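Student: Here it is, the structure, as structure tokens.
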Amino acid sequence: MWLLSKNVLPEDKKEEMMQQYIIGNWKMNGTKAEAQKLASGFLKRIQEAERPLPKIVLCPSYPYLTTVFDILKNSPIEMGAQDVFPEKSGPYTGDVSAIQLTDVGCKYVIVGHSERRLHHKEDCALIRKKNDVAIKAGLRPILCIGESAEERKSGKALHVISSQLKSDLPESFSPHEMIIAYEPLWAIGTGHLPSHEEIEEVMGLIKHELSLHVSGGGLVPILYGGSVTAENALGLLELPHVDGLLVGGASLKLDDFWDVINASQR
Ligand code: PGA
């Protein structure tokens, strides 16, 4: 459901959007003490950094959002949640609203991660609603899209990506309100990555589709995610269409994530 966005990109957002983004998705890992240690460790490295840094976002589990925010609140590191429920409030046991997330310091939220699509049977109508509700509450969704191994093998990857974009994106948004993460399902946590050519092909398609359908859409940051490590980050971040990385496992190790951050090119 592509609708031409009528929103205009504010001038002051353009510079921020040209940065690379390094986003750590901690998933359902660790304890409160470990979250504190990791967040404080990153903060110390940021304070001692001698070069300009990319935009860094950490996404802890719900119970540790406040703990992590208390550590990061006066720093350039920002915080995101791993999911959001698309209603404002009410009888939704176990769910968390966008307003509750902004209330505890989140600026971003991961939406449509393949693990949620798989374990919680999330479909595109729900994902679109989550994106919409998040944006309206002032949260910036990081929409995850990607093909399965079977779809890649049968030559359908580009078709799948294109139809996910069409069905998952909200009806209207401004480029600075969204981030897209291309995460092939078969690359998440497996150690198998697409070739640089395959990544560039998909990223190029996403940028093309966005610039066709959204005013200024070519500026929406497009990240790669799936088995990013300290070793492969530089090669990925040097690719012209890659505006950053969504990092799972490697974001739980201070030294590895710091190496990924330092591989940023802008
Ligand atoms: P991974 O996870 O880096 O551990 O492969 C990435 C993700 O699921 O976002």
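So you can find residues: chains in the structure tokens are A, B, ... in the order shown, residues in each start at 1, and ligands are numbered from 1 in order.
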Which protein, DNA or RNA residues have an atom within 6 Å of ligand 1, counting only C-alpha atoms and all ligand atoms, as a PyMOL selection string?

Tutor: chain A and resi 25+188-189+225-228+246-249

Student: Can you write just those residues out, N, CA, C and O atoms, as a compact mmCIF listing (two decimals), in the first residue's frame?

Tutor:
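out09.txt written:
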# COMPACT_ATOMS: atom_id res chain seq x y z
N ASN A 25 21.12 -5.04 19.07
CA ASN A 25 19.88 -5.71 19.49
C ASN A 25 20.28 -6.81 20.46
O ASN A 25 20.78 -7.86 20.06
N ILE A 188 20.73 -14.63 10.04
CA ILE A 188 20.64 -14.23 11.46
C ILE A 188 21.17 -15.34 12.36
O ILE A 188 20.64 -16.45 12.36
N GLY A 189 22.23 -15.02 13.07
CA GLY A 189 22.81 -15.95 14.04
C GLY A 189 23.43 -17.20 13.43
O GLY A 189 23.68 -18.17 14.15
N GLY A 225 21.71 -6.37 8.54
CA GLY A 225 21.79 -7.14 9.78
C GLY A 225 21.82 -8.63 9.49
O GLY A 225 21.20 -9.11 8.53
N GLY A 226 22.55 -9.37 10.32
CA GLY A 226 22.65 -10.83 10.17
C GLY A 226 24.10 -11.25 10.22
O GLY A 226 24.85 -11.02 9.26
N SER A 227 24.53 -11.84 11.38
CA SER A 227 25.90 -12.34 11.55
C SER A 227 26.97 -11.28 11.34
O SER A 227 28.05 -11.59 10.82
N VAL A 228 26.67 -10.05 11.75
CA VAL A 228 27.71 -9.01 11.70
C VAL A 228 28.71 -9.29 12.82
O VAL A 228 28.32 -9.63 13.94
N LEU A 246 22.67 -3.53 11.94
CA LEU A 246 21.88 -3.98 13.08
C LEU A 246 22.58 -5.24 13.58
O LEU A 246 22.69 -6.23 12.85
N VAL A 247 23.07 -5.19 14.81
CA VAL A 247 23.99 -6.21 15.30
C VAL A 247 23.36 -6.97 16.46
O VAL A 247 22.94 -6.36 17.45
N GLY A 248 23.29 -8.29 16.37
CA GLY A 248 22.74 -9.10 17.45
C GLY A 248 23.86 -9.57 18.37
O GLY A 248 24.35 -8.83 19.23
N GLY A 249 24.30 -10.82 18.17
CA GLY A 249 25.28 -11.46 19.05
C GLY A 249 26.50 -10.60 19.37
O GLY A 249 26.90 -10.49 20.55

Student: Show which residues sit within 9 Å of A:Ile46, as an NGL selection string. Count only C-alpha atoms, and ignore same-chain residues fewer than 3 positions away.

Tutor: :A and (41-43 or 49-50 or 53 or 75-77)

Student: Could you tell me how far atom CA of A:Cys124 lies from atom CA of A:Phe173, in Å and to one decimal?

Tutor: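 Between atom CA of A:Cys124 and atom CA of A:Phe173 the gap works out to 16.8 Å.
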
Student: What parts of stretch 90-240 of chain A does DSSP call strand (DSSP E or B)? I'd like the answer as a list in words.

Tutor: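 DSSP-assigned strand (DSSP E or B) residues in stretch 90-240 of chain A: Ser97, Tyr108, Val109, Ile110, Val111, Arg140, Pro141, Ile142, Leu143, Cys144, Ile145, Ile179, Ile180, Ala181, Tyr182, Ile222, Leu223, Tyr224 and Gly225 of chain A.
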
Student: Save the residues we just selected, N, CA, C and O atoms, as an mmCIF file, in the first residue's frame?

Tutor:
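File written: again_24.cif
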data_model
loop_
_atom_site.group_PDB
_atom_site.id
_atom_site.type_symbol
_atom_site.label_atom_id
_atom_site.label_comp_id
_atom_site.auth_asym_id
_atom_site.auth_seq_id
_atom_site.Cartn_x
_atom_site.Cartn_y
_atom_site.Cartn_z
ATOM 1 N N SER A 97 3.129 -0.340 25.362
ATOM 2 C CA SER A 97 2.723 0.632 24.330
ATOM 3 C C SER A 97 3.880 1.558 23.938
ATOM 4 O O SER A 97 4.879 1.678 24.667
ATOM 5 N N TYR A 108 13.805 4.782 19.666
ATOM 6 C CA TYR A 108 13.684 3.860 18.528
ATOM 7 C C TYR A 108 12.936 2.614 18.974
ATOM 8 O O TYR A 108 12.865 2.316 20.172
ATOM 9 N N VAL A 109 12.432 1.859 17.991
ATOM 10 C CA VAL A 109 11.871 0.544 18.318
ATOM 11 C C VAL A 109 12.051 -0.387 17.110
ATOM 12 O O VAL A 109 11.827 0.025 15.967
ATOM 13 N N ILE A 110 12.508 -1.588 17.378
ATOM 14 C CA ILE A 110 12.627 -2.593 16.309
ATOM 15 C C ILE A 110 11.218 -3.120 16.024
ATOM 16 O O ILE A 110 10.478 -3.458 16.956
ATOM 17 N N VAL A 111 10.849 -3.166 14.752
ATOM 18 C CA VAL A 111 9.503 -3.636 14.376
ATOM 19 C C VAL A 111 9.642 -4.722 13.302
ATOM 20 O O VAL A 111 10.433 -4.583 12.365
ATOM 21 N N ARG A 140 11.042 6.086 16.546
ATOM 22 C CA ARG A 140 11.466 5.822 15.163
ATOM 23 C C ARG A 140 11.580 4.316 14.957
ATOM 24 O O ARG A 140 12.463 3.674 15.545
ATOM 25 N N PRO A 141 10.710 3.737 14.134
ATOM 26 C CA PRO A 141 10.784 2.284 13.924
ATOM 27 C C PRO A 141 12.011 1.884 13.108
ATOM 28 O O PRO A 141 12.417 2.598 12.192
ATOM 29 N N ILE A 142 12.577 0.750 13.475
ATOM 30 C CA ILE A 142 13.631 0.111 12.670
ATOM 31 C C ILE A 142 12.933 -1.118 12.082
ATOM 32 O O ILE A 142 12.794 -2.149 12.757
ATOM 33 N N LEU A 143 12.421 -0.978 10.883
ATOM 34 C CA LEU A 143 11.630 -2.053 10.278
ATOM 35 C C LEU A 143 12.559 -3.115 9.689
ATOM 36 O O LEU A 143 13.399 -2.809 8.835
ATOM 37 N N CYS A 144 12.403 -4.372 10.147
ATOM 38 C CA CYS A 144 13.242 -5.461 9.645
ATOM 39 C C CYS A 144 12.518 -6.221 8.531
ATOM 40 O O CYS A 144 11.376 -6.646 8.719
ATOM 41 N N ILE A 145 13.207 -6.374 7.415
ATOM 42 C CA ILE A 145 12.650 -7.162 6.318
ATOM 43 C C ILE A 145 13.756 -8.106 5.813
ATOM 44 O O ILE A 145 14.931 -7.843 6.032
ATOM 45 N N ILE A 179 13.688 3.812 9.801
ATOM 46 C CA ILE A 179 14.944 3.153 9.418
ATOM 47 C C ILE A 179 14.528 1.779 8.904
ATOM 48 O O ILE A 179 13.591 1.177 9.433
ATOM 49 N N ILE A 180 15.213 1.296 7.857
ATOM 50 C CA ILE A 180 14.922 -0.053 7.364
ATOM 51 C C ILE A 180 16.158 -0.915 7.609
ATOM 52 O O ILE A 180 17.282 -0.475 7.366
ATOM 53 N N ALA A 181 15.949 -2.140 8.097
ATOM 54 C CA ALA A 181 17.073 -3.071 8.247
ATOM 55 C C ALA A 181 16.818 -4.282 7.353
ATOM 56 O O ALA A 181 15.798 -4.959 7.501
ATOM 57 N N TYR A 182 17.754 -4.516 6.422
ATOM 58 C CA TYR A 182 17.664 -5.723 5.590
ATOM 59 C C TYR A 182 18.366 -6.853 6.343
ATOM 60 O O TYR A 182 19.576 -6.818 6.553
ATOM 61 N N ILE A 222 19.302 2.729 5.462
ATOM 62 C CA ILE A 222 19.081 1.298 5.233
ATOM 63 C C ILE A 222 20.266 0.553 5.860
ATOM 64 O O ILE A 222 21.410 0.750 5.467
ATOM 65 N N LEU A 223 19.951 -0.308 6.825
ATOM 66 C CA LEU A 223 21.005 -1.036 7.539
ATOM 67 C C LEU A 223 21.051 -2.485 7.069
ATOM 68 O O LEU A 223 20.045 -3.031 6.632
ATOM 69 N N TYR A 224 22.223 -3.088 7.230
ATOM 70 C CA TYR A 224 22.316 -4.538 7.020
ATOM 71 C C TYR A 224 22.355 -5.208 8.395
ATOM 72 O O TYR A 224 22.994 -4.696 9.333
ATOM 73 N N GLY A 225 21.709 -6.369 8.535
ATOM 74 C CA GLY A 225 21.787 -7.140 9.776
ATOM 75 C C GLY A 225 21.823 -8.625 9.486
ATOM 76 O O GLY A 225 21.198 -9.112 8.530
#

Student: Could you check which of A:Ala33, A:Leu139, A:Met17, A:Val160 is closest to A:Gly216, using only C-alpha atoms?

Tutor: A:Met17

Student: Which one of A:His213, A:His241, A:Lys107, A:Lys13 sits closest to A:Glu198 if you count only C-alpha atoms?

Tutor: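 Smallest distance to A:Glu198 is found for A:His241.
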
Student: Residues near A:Ser61, anyone? I mean within 9 Å using only C-alpha atoms, not counting same-chain ones fewer than 3 positions away, as a list of chain:residue names.

Tutor: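 That gives A:Asn25, A:Trp26, A:Lys27, A:Met28, A:Asn29, A:Gly30, A:Tyr64, A:Leu65, A:Ala81, A:Gln82.
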
Student: Store the residues of this selection in a file with all heavy atoms, as a CSV table (one decimal), in the first residue's frame.

Tutor:
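Output file result-v3.csv is given in full below:
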chain,number,residue,atom,x,y,z
A,25,ASN,N,21.1,-5.0,19.1
A,25,ASN,CA,19.9,-5.7,19.5
A,25,ASN,C,20.3,-6.8,20.5
A,25,ASN,O,20.8,-7.9,20.1
A,25,ASN,CB,19.2,-6.3,18.2
A,25,ASN,CG,18.0,-7.1,18.6
A,25,ASN,OD1,17.5,-7.1,19.7
A,25,ASN,ND2,17.5,-7.8,17.6
A,26,TRP,N,20.1,-6.5,21.7
A,26,TRP,CA,20.5,-7.5,22.8
A,26,TRP,C,19.6,-8.7,22.9
A,26,TRP,O,19.9,-9.7,23.6
A,26,TRP,CB,20.6,-6.8,24.1
A,26,TRP,CG,21.7,-5.8,24.2
A,26,TRP,CD1,22.6,-5.5,23.3
A,26,TRP,CD2,22.0,-5.0,25.4
A,26,TRP,NE1,23.5,-4.5,23.7
A,26,TRP,CE2,23.2,-4.2,25.0
A,26,TRP,CE3,21.5,-4.8,26.6
A,26,TRP,CZ2,23.7,-3.2,25.9
A,26,TRP,CZ3,22.1,-3.8,27.5
A,26,TRP,CH2,23.2,-3.1,27.1
A,27,LYS,N,18.4,-8.6,22.2
A,27,LYS,CA,17.5,-9.7,22.3
A,27,LYS,C,17.2,-10.1,23.7
A,27,LYS,O,17.2,-9.3,24.6
A,27,LYS,CB,17.9,-10.9,21.4
A,27,LYS,CG,18.3,-10.5,20.0
A,27,LYS,CD,18.5,-11.7,19.1
A,27,LYS,CE,18.9,-11.1,17.7
A,27,LYS,NZ,19.0,-12.2,16.7
A,28,MET,N,16.8,-11.4,24.0
A,28,MET,CA,16.4,-11.8,25.4
A,28,MET,C,17.6,-12.4,26.1
A,28,MET,O,17.7,-13.6,26.4
A,28,MET,CB,15.3,-12.8,25.3
A,28,MET,CG,14.6,-13.0,26.6
A,28,MET,SD,13.2,-14.2,26.4
A,28,MET,CE,14.1,-15.7,26.2
A,29,ASN,N,18.6,-11.5,26.3
A,29,ASN,CA,19.9,-12.0,26.8
A,29,ASN,C,20.3,-11.2,28.1
A,29,ASN,O,20.0,-10.0,28.2
A,29,ASN,CB,21.0,-11.9,25.8
A,29,ASN,CG,20.9,-12.9,24.7
A,29,ASN,OD1,20.9,-14.1,25.0
A,29,ASN,ND2,20.7,-12.5,23.5
A,30,GLY,N,21.0,-11.8,29.0
A,30,GLY,CA,21.6,-11.2,30.1
A,30,GLY,C,20.8,-10.9,31.3
A,30,GLY,O,19.6,-11.1,31.3
A,64,TYR,N,15.1,-4.0,31.4
A,64,TYR,CA,16.3,-3.2,31.7
A,64,TYR,C,16.4,-1.9,31.0
A,64,TYR,O,17.4,-1.2,31.0
A,64,TYR,CB,17.6,-4.1,31.3
A,64,TYR,CG,17.5,-5.5,31.9
A,64,TYR,CD1,17.9,-6.6,31.1
A,64,TYR,CD2,17.1,-5.6,33.2
A,64,TYR,CE1,17.8,-7.9,31.7
A,64,TYR,CE2,17.1,-6.9,33.7
A,64,TYR,CZ,17.4,-8.0,33.0
A,64,TYR,OH,17.3,-9.3,33.6
A,65,LEU,N,15.3,-1.5,30.4
A,65,LEU,CA,15.3,-0.2,29.7
A,65,LEU,C,15.6,1.0,30.6
A,65,LEU,O,16.4,1.8,30.3
A,65,LEU,CB,13.9,0.1,29.0
A,65,LEU,CG,13.6,-0.8,27.8
A,65,LEU,CD1,12.1,-0.6,27.3
A,65,LEU,CD2,14.5,-0.5,26.6
A,81,ALA,N,13.7,0.0,21.9
A,81,ALA,CA,13.0,-1.2,22.4
A,81,ALA,C,13.0,-2.2,21.3
A,81,ALA,O,13.3,-1.9,20.1
A,81,ALA,CB,11.6,-0.9,22.9
A,82,GLN,N,12.7,-3.5,21.6
A,82,GLN,CA,12.8,-4.6,20.7
A,82,GLN,C,11.4,-4.9,20.0
A,82,GLN,O,11.3,-5.7,19.1
A,82,GLN,CB,13.3,-5.8,21.3
A,82,GLN,CG,14.7,-5.7,21.8
A,82,GLN,CD,15.2,-6.8,22.6
A,82,GLN,OE1,14.7,-7.9,22.5
A,82,GLN,NE2,16.3,-6.7,23.3

Student: Between A:Arg45, A:Val202, A:Gln100, A:Gly24, which residue has the minimum interatomic distance to A:Thr229, considering only C-alpha atoms?

Tutor: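 Among A:Arg45, A:Val202, A:Gln100, A:Gly24, it is A:Gly24 that comes nearest to A:Thr229.
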
Student: Could you tell me which of A:Glu231, A:Asp259, A:Asp243, A:Glu34 comes closest to A:Gly204 if we count only C-alpha atoms?

Tutor: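 Between A:Glu231, A:Asp259, A:Asp243, A:Glu34, the residue approaching A:Gly204 most closely is A:Asp243.
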
Student: Pick from A:Ala98, A:Ser40, A:Pro52, A:Gly138: nearest to A:Lys73, with only C-alpha atoms counted?

Tutor: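 Nearest to A:Lys73: A:Ser40.
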
Student: Within stretch 62-224 of chain A, find each residue whose DSSP state, derived from the backbone, is alpha helix (DSSP H), and express the selection as a PyMOL selection string.

Tutor: chain A and resi 65-72+98-103+114-119+124-136+149-153+157-168+196-213

Student: For the atom pair atom CA of A:Leu236 and atom CA of A:His196, what is the interatomic distance in Å to one decimal place?

Tutor: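 These atoms are spaced 7.2 Å apart.
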
Student: Identify which of the residues A:Leu239, A:Ala35, A:Ile199, A:Ile161 lies closest to A:Ala187, counting only C-alpha atoms when measuring atom-to-atom distances.

Tutor: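 When distances to A:Ala187 are compared using only C-alpha atoms, the smallest one comes from A:Ile199.
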
Student: Could you work out how far atom CA of A:Gln47 lies from atom CA of A:Asn74, giving the answer in Å with one decimal?

Tutor: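 Going from atom CA of A:Asn74 over to atom CA of A:Gln47 covers 11.1 Å.
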